[in-house]
Amino acid sequence: MTTDFNQRQKEIIDASISLIADKGIQNLTLKHISHEIGISEPAIYRYFKSKFEIVMGVLDTFEDISDTVLNSVEISKLETLNKIEFFLSDRYKRCEENPKLAKVMFSEEHFQENDKLSKKILHIMSSHGNEIQKIIVKCQEVGDIRNDISAVNVFRIIFGPMRLLIKQWGLSNYRFVLSEEGLKLWNSQKLLLKTYPKPYKRKMFE
């Protein structure tokens with residue numbers, strides 16, 4: 001999906017992301033948003049009907065970012081395994097460019113208390129996960145990745161550690177270069193998932 005937010009709506013969403021990252025979603029109030037961007041609380045209602053609609057706008061922004069990357073991967077001429085690396089590299093780069101966005105994007109607990117928000121998060125994760133799994137299946141078909149592990153578990157093996165690394169980066173106050181450590185992690189994952197030829201067994205009476 002692509003959400004067509006106007007400039008003021010984007011400012012409200014960016015301010016909301018900053019507030020959630022710094023103070024938690026419980027401190028995301030219209031008062032704090034208005035103070036952050038310098039407009040009155042009633043003025044915010046011209047752009048969003050409620051705080052809930054603002055938070056949904058935040059999630060729509062996350063979804064649009066991933067959609068953009070997946071579309072770039074789809075139209076690229078990269079080989080199958082390189083498509084996964086492209087997606088991972090882009091994710092790390094975007095996190096480095098916007099640490100507060102990364103902090104919110106990879107902290108689903110902010111949204112778990114609301115059923116509709118939880119379902120939205122699950123939808124985003126599932127839809128994008130399915131697209132990545134299609135690439136994984138193609139990698140398995142051409143022999144880039146071992147095929148004795150299901151695509152869904154390969155996806156978890158790749159993206160679970162990625163999420164952990166991003167969380168560690170945030171908790172450490174960004175003390176290491178995320179993209180460099182991300183590349184090291186990916187290279188290790190490729191070794192684990194690589195297809196190796198079966199060892200040759202000598203026949204008894206050769």
# chains A, B, ... in the order shown; residues from 1 in each chain; ligands from 1
$ residues_around --residues "region 13-25 of chain A" --least-positions-apart "5" --cutoff "9 Å" --atoms "only C-alpha atoms" --output "list in words"
Arg8, His32, Ile33, Ser34, Glu36, Ile37, Ile54, Val55, Gly57, Val58, Thr61, Pro99, Lys100, Leu101, Ala102, Lys103, Val104, His110 and Phe111 of chain A
$ write_last_selection --atoms "C-alpha atoms" --output "PDB file, in the first residue's frame"
ATOM      1  CA  ARG A   8       1.343  18.467   7.878  1.00  0.00           C
ATOM      2  CA  HIS A  32       2.598  16.640  23.467  1.00  0.00           C
ATOM      3  CA  ILE A  33       2.235  16.433  19.676  1.00  0.00           C
ATOM      4  CA  SER A  34       1.024  20.044  19.450  1.00  0.00           C
ATOM      5  CA  GLU A  36       6.382  19.180  19.436  1.00  0.00           C
ATOM      6  CA  ILE A  37       5.343  20.736  16.116  1.00  0.00           C
ATOM      7  CA  ILE A  54      -2.412   8.997  14.221  1.00  0.00           C
ATOM      8  CA  VAL A  55      -0.937   5.722  15.492  1.00  0.00           C
ATOM      9  CA  GLY A  57      -0.719   6.511  10.364  1.00  0.00           C
ATOM     10  CA  VAL A  58       2.576   5.593  12.036  1.00  0.00           C
ATOM     11  CA  THR A  61       4.297   4.645   7.322  1.00  0.00           C
ATOM     12  CA  PRO A  99      17.180   5.647  14.923  1.00  0.00           C
ATOM     13  CA  LYS A 100      13.885   6.748  16.461  1.00  0.00           C
ATOM     14  CA  LEU A 101      11.909   5.181  13.617  1.00  0.00           C
ATOM     15  CA  ALA A 102      13.901   1.975  14.129  1.00  0.00           C
ATOM     16  CA  LYS A 103      13.234   1.988  17.861  1.00  0.00           C
ATOM     17  CA  VAL A 104       9.484   2.181  17.314  1.00  0.00           C
ATOM     18  CA  HIS A 110       4.015  -0.461  22.048  1.00  0.00           C
ATOM     19  CA  PHE A 111       0.977  -1.626  20.096  1.00  0.00           C
TER      20      PHE A 111
END
$ closest_atom_pairs --of "region 41-91 of chain A" --to "region 113-120 of chain A" --cutoff "10 Å" --atoms "only C-alpha atoms" --output "JSON lines"
{"residue": "A:Phe52", "atom": "CA", "partner": "A:Leu117", "partner_atom": "CA", "distance": 8.7}
{"residue": "A:Val55", "atom": "CA", "partner": "A:Leu117", "partner_atom": "CA", "distance": 8.2}
{"residue": "A:Met56", "atom": "CA", "partner": "A:Leu117", "partner_atom": "CA", "distance": 7.1}
{"residue": "A:Leu59", "atom": "CA", "partner": "A:Lys120", "partner_atom": "CA", "distance": 7.5}
{"residue": "A:Asp60", "atom": "CA", "partner": "A:Lys120", "partner_atom": "CA", "distance": 8.9}
{"residue": "A:Glu63", "atom": "CA", "partner": "A:Lys120", "partner_atom": "CA", "distance": 9.6}
$ write_last_selection --atoms "C-alpha atoms" --output "JSON list (two decimals), in the first residue's frame"
[["chain", "number", "residue", "atom", "x", "y", "z"],
["A", 52, "PHE", "CA", -5.75, 6.13, 17.28],
["A", 55, "VAL", "CA", -0.94, 5.72, 15.49],
["A", 56, "MET", "CA", -2.44, 3.90, 12.51],
["A", 59, "LEU", "CA", 2.00, 1.92, 11.18],
["A", 60, "ASP", "CA", 0.97, 2.83, 7.62],
["A", 63, "GLU", "CA", 4.21, -0.52, 5.85]]
$ select_by_dssp --residues "region 9-128 of chain A" --states "alpha helix (DSSP H)" --output "count of residues only"
91
$ residues_around --residues "Glu85 (chain A)" --least-positions-apart "2" --cutoff "12 Å" --atoms "only C-alpha atoms" --output "VMD selection string"
chain A and resid 69 to 70 73 78 to 83 87 to 92 132 135 to 136 158 to 159 162 179 182 to 187 189 to 190
$ residues_around --residues "Phe176 (chain A)" --least-positions-apart "5" --cutoff "12 Å" --atoms "only C-alpha atoms" --output "VMD selection string"
chain A and resid 96 165 to 166 168 to 171 181 to 182
$ closest_residue --among "A:Val177, A:Ser127, A:Arg163, A:Lys194" --to "Cys139 (chain A)" --atoms "only C-alpha atoms"
A:Lys194
$ residues_around --residues "Leu192 (chain A)" --least-positions-apart "6" --cutoff "10 Å" --atoms "only C-alpha atoms" --output "list in words"
Ile145, Arg146, Ile157 and Trp186 of chain A
$ write_last_selection --atoms "N, CA, C and O atoms" --output "PDB file, in the first residue's frame"
ATOM      1  N   ILE A 145      20.393 -21.834  -1.141  1.00  0.00           N
ATOM      2  CA  ILE A 145      20.076 -22.104   0.260  1.00  0.00           C
ATOM      3  C   ILE A 145      19.636 -23.549   0.391  1.00  0.00           C
ATOM      4  O   ILE A 145      18.905 -24.061  -0.468  1.00  0.00           O
ATOM      5  N   ARG A 146      20.059 -24.220   1.432  1.00  0.00           N
ATOM      6  CA  ARG A 146      19.665 -25.609   1.666  1.00  0.00           C
ATOM      7  C   ARG A 146      18.140 -25.722   1.702  1.00  0.00           C
ATOM      8  O   ARG A 146      17.444 -24.842   2.204  1.00  0.00           O
ATOM      9  N   ILE A 157      15.192 -17.710  10.736  1.00  0.00           N
ATOM     10  CA  ILE A 157      16.631 -17.783  11.013  1.00  0.00           C
ATOM     11  C   ILE A 157      17.331 -16.497  10.570  1.00  0.00           C
ATOM     12  O   ILE A 157      18.270 -16.015  11.221  1.00  0.00           O
ATOM     13  N   TRP A 186      24.941 -11.401   8.363  1.00  0.00           N
ATOM     14  CA  TRP A 186      24.430 -12.008   7.135  1.00  0.00           C
ATOM     15  C   TRP A 186      25.431 -13.000   6.554  1.00  0.00           C
ATOM     16  O   TRP A 186      25.055 -14.085   6.105  1.00  0.00           O
TER      17      TRP A 186
END
$ residues_around --residues "Glu131 (chain A)" --least-positions-apart "6" --cutoff "12 Å" --atoms "only C-alpha atoms" --output "number ranges by chain"
A: 66-67, 69-71, 73-74, 83-84, 87, 124-125, 137-138, 151-152, 155
$ atom_distance --atom1 "CA of Glu180 (chain A)" --atom2 "CA of Lys167 (chain A)"
15.1 Å
$ atom_distance --atom1 "CA of Ala43 (chain A)" --atom2 "CA of Ile12 (chain A)"
10.9 Å
